[in-house]
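Listing of coords_9.cif; format and content: mmCIF, N, CA and C atoms.
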data_protein
loop_
_atom_site.label_atom_id
_atom_site.label_comp_id
_atom_site.auth_asym_id
_atom_site.auth_seq_id
_atom_site.Cartn_x
_atom_site.Cartn_y
_atom_site.Cartn_z
N MET A 173 0.81 -1.19 0.00
CA MET A 173 0.00 0.00 0.00
C MET A 173 0.86 1.26 0.00
N ASN A 174 1.98 1.20 0.70
CA ASN A 174 2.90 2.33 0.75
C ASN A 174 3.47 2.61 -0.63
N GLU A 175 3.75 1.54 -1.40
CA GLU A 175 4.31 1.69 -2.74
C GLU A 175 3.32 2.40 -3.67
N VAL A 176 2.06 2.05 -3.57
CA VAL A 176 1.04 2.70 -4.38
C VAL A 176 0.92 4.17 -4.01
N SER A 177 1.00 4.46 -2.75
CA SER A 177 0.91 5.83 -2.27
C SER A 177 2.07 6.67 -2.82
N GLU A 178 3.26 6.11 -2.84
CA GLU A 178 4.42 6.82 -3.39
C GLU A 178 4.26 7.06 -4.89
N ARG A 179 3.74 6.06 -5.58
CA ARG A 179 3.50 6.21 -7.02
C ARG A 179 2.46 7.30 -7.27
N GLU A 180 1.40 7.29 -6.48
CA GLU A 180 0.36 8.30 -6.64
C GLU A 180 0.91 9.70 -6.38
N LYS A 181 1.75 9.83 -5.37
CA LYS A 181 2.36 11.13 -5.07
C LYS A 181 3.26 11.58 -6.22
N ALA A 182 4.04 10.64 -6.76
CA ALA A 182 4.94 10.97 -7.86
C ALA A 182 4.14 11.39 -9.09
N MET A 183 3.07 10.65 -9.38
CA MET A 183 2.23 10.98 -10.54
C MET A 183 1.55 12.34 -10.34
N GLU A 184 1.08 12.59 -9.13
CA GLU A 184 0.45 13.88 -8.83
C GLU A 184 1.45 15.02 -8.99
N PHE A 185 2.67 14.81 -8.51
CA PHE A 185 3.72 15.82 -8.63
C PHE A 185 4.03 16.10 -10.10
N MET A 186 4.16 15.03 -10.89
CA MET A 186 4.47 15.21 -12.31
C MET A 186 3.32 15.91 -13.03
N LEU A 187 2.09 15.56 -12.68
CA LEU A 187 0.94 16.21 -13.29
C LEU A 187 0.91 17.69 -12.94
N GLU A 188 1.15 18.03 -11.70
CA GLU A 188 1.20 19.44 -11.30
C GLU A 188 2.30 20.18 -12.04
N SER A 189 3.46 19.54 -12.18
CA SER A 189 4.57 20.17 -12.91
C SER A 189 4.21 20.43 -14.37
N LEU A 190 3.57 19.46 -15.00
CA LEU A 190 3.16 19.62 -16.39
C LEU A 190 2.14 20.74 -16.54
N ILE A 191 1.20 20.83 -15.60
CA ILE A 191 0.19 21.89 -15.65
C ILE A 191 0.86 23.26 -15.52
N LYS A 192 1.82 23.37 -14.62
CA LYS A 192 2.54 24.64 -14.45
C LYS A 192 3.32 24.99 -15.72
N MET A 193 3.99 23.97 -16.30
CA MET A 193 4.74 24.21 -17.53
C MET A 193 3.82 24.67 -18.65
N LEU A 194 2.67 24.04 -18.77
CA LEU A 194 1.72 24.40 -19.80
C LEU A 194 1.21 25.82 -19.59
N GLY A 195 0.95 26.18 -18.35
CA GLY A 195 0.51 27.54 -18.05
C GLY A 195 1.55 28.57 -18.45
N LYS A 196 2.81 28.30 -18.12
CA LYS A 196 3.89 29.21 -18.50
C LYS A 196 4.04 29.28 -20.01
N SER A 197 3.90 28.13 -20.67
CA SER A 197 4.01 28.09 -22.13
C SER A 197 2.88 28.90 -22.76
N ASN A 198 1.67 28.74 -22.26
CA ASN A 198 0.53 29.51 -22.79
C ASN A 198 0.75 31.01 -22.59
N HIS A 199 1.30 31.38 -21.46
CA HIS A 199 1.58 32.80 -21.19
C HIS A 199 2.60 33.34 -22.19
N ARG A 200 3.62 32.55 -22.47
CA ARG A 200 4.64 32.97 -23.43
C ARG A 200 4.05 33.09 -24.83
N VAL A 201 3.17 32.17 -25.19
CA VAL A 201 2.52 32.23 -26.50
C VAL A 201 1.66 33.50 -26.59
N ASP A 202 0.94 33.81 -25.53
CA ASP A 202 0.14 35.03 -25.51
C ASP A 202 1.01 36.27 -25.66
N ASP A 203 2.14 36.30 -24.94
CA ASP A 203 3.07 37.43 -25.07
C ASP A 203 3.61 37.55 -26.49
N LEU A 204 3.96 36.42 -27.06
CA LEU A 204 4.48 36.41 -28.44
C LEU A 204 3.41 36.89 -29.41
N ASN A 205 2.18 36.45 -29.22
CA ASN A 205 1.08 36.87 -30.08
C ASN A 205 0.88 38.38 -30.00
N LYS A 206 0.97 38.94 -28.80
CA LYS A 206 0.83 40.39 -28.63
C LYS A 206 1.94 41.13 -29.38
N ARG A 207 3.15 40.63 -29.28
CA ARG A 207 4.28 41.26 -29.98
C ARG A 207 4.09 41.20 -31.49
N VAL A 208 3.62 40.07 -32.00
CA VAL A 208 3.38 39.92 -33.43
C VAL A 208 2.32 40.92 -33.90
N LEU A 209 1.24 41.06 -33.12
CA LEU A 209 0.19 42.02 -33.46
C LEU A 209 0.74 43.44 -33.46
N GLN A 210 1.59 43.77 -32.49
CA GLN A 210 2.20 45.10 -32.45
C GLN A 210 3.07 45.33 -33.68
N LEU A 211 3.83 44.33 -34.06
CA LEU A 211 4.70 44.44 -35.23
C LEU A 211 3.87 44.61 -36.50
N GLU A 212 2.80 43.83 -36.63
CA GLU A 212 1.92 43.97 -37.80
C GLU A 212 1.34 45.38 -37.88
N SER A 213 0.91 45.90 -36.75
CA SER A 213 0.34 47.25 -36.72
C SER A 213 1.38 48.28 -37.13
N LEU A 214 2.58 48.15 -36.60
CA LEU A 214 3.66 49.07 -36.95
C LEU A 214 4.00 48.99 -38.43
N LEU A 215 4.04 47.80 -38.98
CA LEU A 215 4.32 47.63 -40.41
C LEU A 215 3.23 48.27 -41.26
N ARG A 216 1.97 48.08 -40.87
CA ARG A 216 0.87 48.70 -41.61
C ARG A 216 0.99 50.22 -41.61
N GLU A 217 1.29 50.78 -40.43
CA GLU A 217 1.44 52.24 -40.32
C GLU A 217 2.58 52.73 -41.20
N THR A 218 3.69 52.00 -41.20
CA THR A 218 4.85 52.38 -41.99
C THR A 218 4.52 52.33 -43.48
N VAL A 219 3.84 51.29 -43.91
CA VAL A 219 3.46 51.17 -45.32
C VAL A 219 2.53 52.31 -45.71
N MET A 220 1.56 52.62 -44.86
CA MET A 220 0.63 53.71 -45.15
C MET A 220 1.36 55.04 -45.24
N GLN A 221 2.28 55.30 -44.32
CA GLN A 221 3.04 56.55 -44.35
C GLN A 221 3.89 56.63 -45.61
N ASN A 222 4.51 55.54 -45.98
CA ASN A 222 5.36 55.54 -47.18
C ASN A 222 4.52 55.73 -48.44
N SER A 223 3.35 55.13 -48.48
CA SER A 223 2.53 55.28 -49.69
C SER A 223 2.01 56.72 -49.80
N HIS A 224 1.67 57.35 -48.68
CA HIS A 224 1.24 58.75 -48.72
C HIS A 224 2.41 59.66 -49.12
N ALA A 225 3.60 59.37 -48.65
CA ALA A 225 4.77 60.18 -48.99
C ALA A 225 5.09 60.05 -50.47
N GLN A 226 4.93 58.88 -51.04
CA GLN A 226 5.21 58.69 -52.46
C GLN A 226 4.18 59.40 -53.32
N LYS A 227 2.93 59.44 -52.87
CA LYS A 227 1.90 60.12 -53.64
C LYS A 227 2.14 61.63 -53.66
N ARG A 228 2.71 62.17 -52.59
CA ARG A 228 2.96 63.61 -52.51
C ARG A 228 4.13 64.04 -53.38
N GLN A 229 5.07 63.16 -53.64
CA GLN A 229 6.24 63.52 -54.44
C GLN A 229 5.80 63.70 -55.89
N THR A 230 6.49 64.60 -56.57
CA THR A 230 6.18 64.79 -57.99
C THR A 230 6.68 63.58 -58.76
N PRO A 231 5.88 63.14 -59.69
CA PRO A 231 6.31 61.97 -60.46
C PRO A 231 7.54 62.30 -61.30
N LYS A 232 8.44 61.38 -61.38
CA LYS A 232 9.67 61.57 -62.17
C LYS A 232 9.36 61.26 -63.62
N ARG A 233 10.03 61.99 -64.51
CA ARG A 233 9.84 61.77 -65.95
C ARG A 233 10.79 60.69 -66.43
N LEU A 234 10.28 59.87 -67.26
CA LEU A 234 11.10 58.84 -67.86
C LEU A 234 11.46 59.26 -69.27
N THR A 235 12.69 59.06 -69.64
CA THR A 235 13.13 59.40 -70.98
C THR A 235 13.31 58.10 -71.76
N ILE A 236 12.67 58.04 -72.89
CA ILE A 236 12.79 56.87 -73.73
C ILE A 236 13.73 57.21 -74.87
N MET A 237 14.74 56.41 -75.03
CA MET A 237 15.71 56.67 -76.09
C MET A 237 15.54 55.61 -77.15
N ASN A 238 15.52 56.06 -78.41
CA ASN A 238 15.39 55.13 -79.53
C ASN A 238 16.75 54.83 -80.11
#

Could you express the structure from this file as structure tokens?
Amino acid sequence: MNEVSEREKAMEFMLESLIKMLGKSNHRVDDLNKRVLQLESLLRETVMQNSHAQKRQTPKRLTIMN
């Protein structure tokens, strides 16, 4: 009976450890997801600013030589 009790304690400990690891992993994934969303937003803003800046510039003339 003592052997079963030790096994149960070991299994319970391992299960608790896995749950904690999973929780930390999920937190890291959430943090990473937030960073990716921030980066996407920044990239969109940069693209929009660049496209507006290009529209404001006078178009350059192309010379075609025969």

From a DSSP calculation on the backbone, collect every residue of chain A in helix (DSSP H, G or I) and output the set as a ChimeraX atom specification. /A:174-228

How far is it from CA of Ala225 (chain A) to atom C of Arg207 (chain A), in Å with one decimal? 25.8 Å

Would you mind reading off the distance between atom C of Glu184 (chain A) and atom C of Asp202 (chain A), one decimal, in Å? 27.0 Å

Figure out the distance between atom C of Arg216 (chain A) and atom N of Val201 (chain A), please, to one decimal in Å.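 Straight-line distance from atom N of Val201 (chain A) to atom C of Arg216 (chain A) works out to 24.5 Å.
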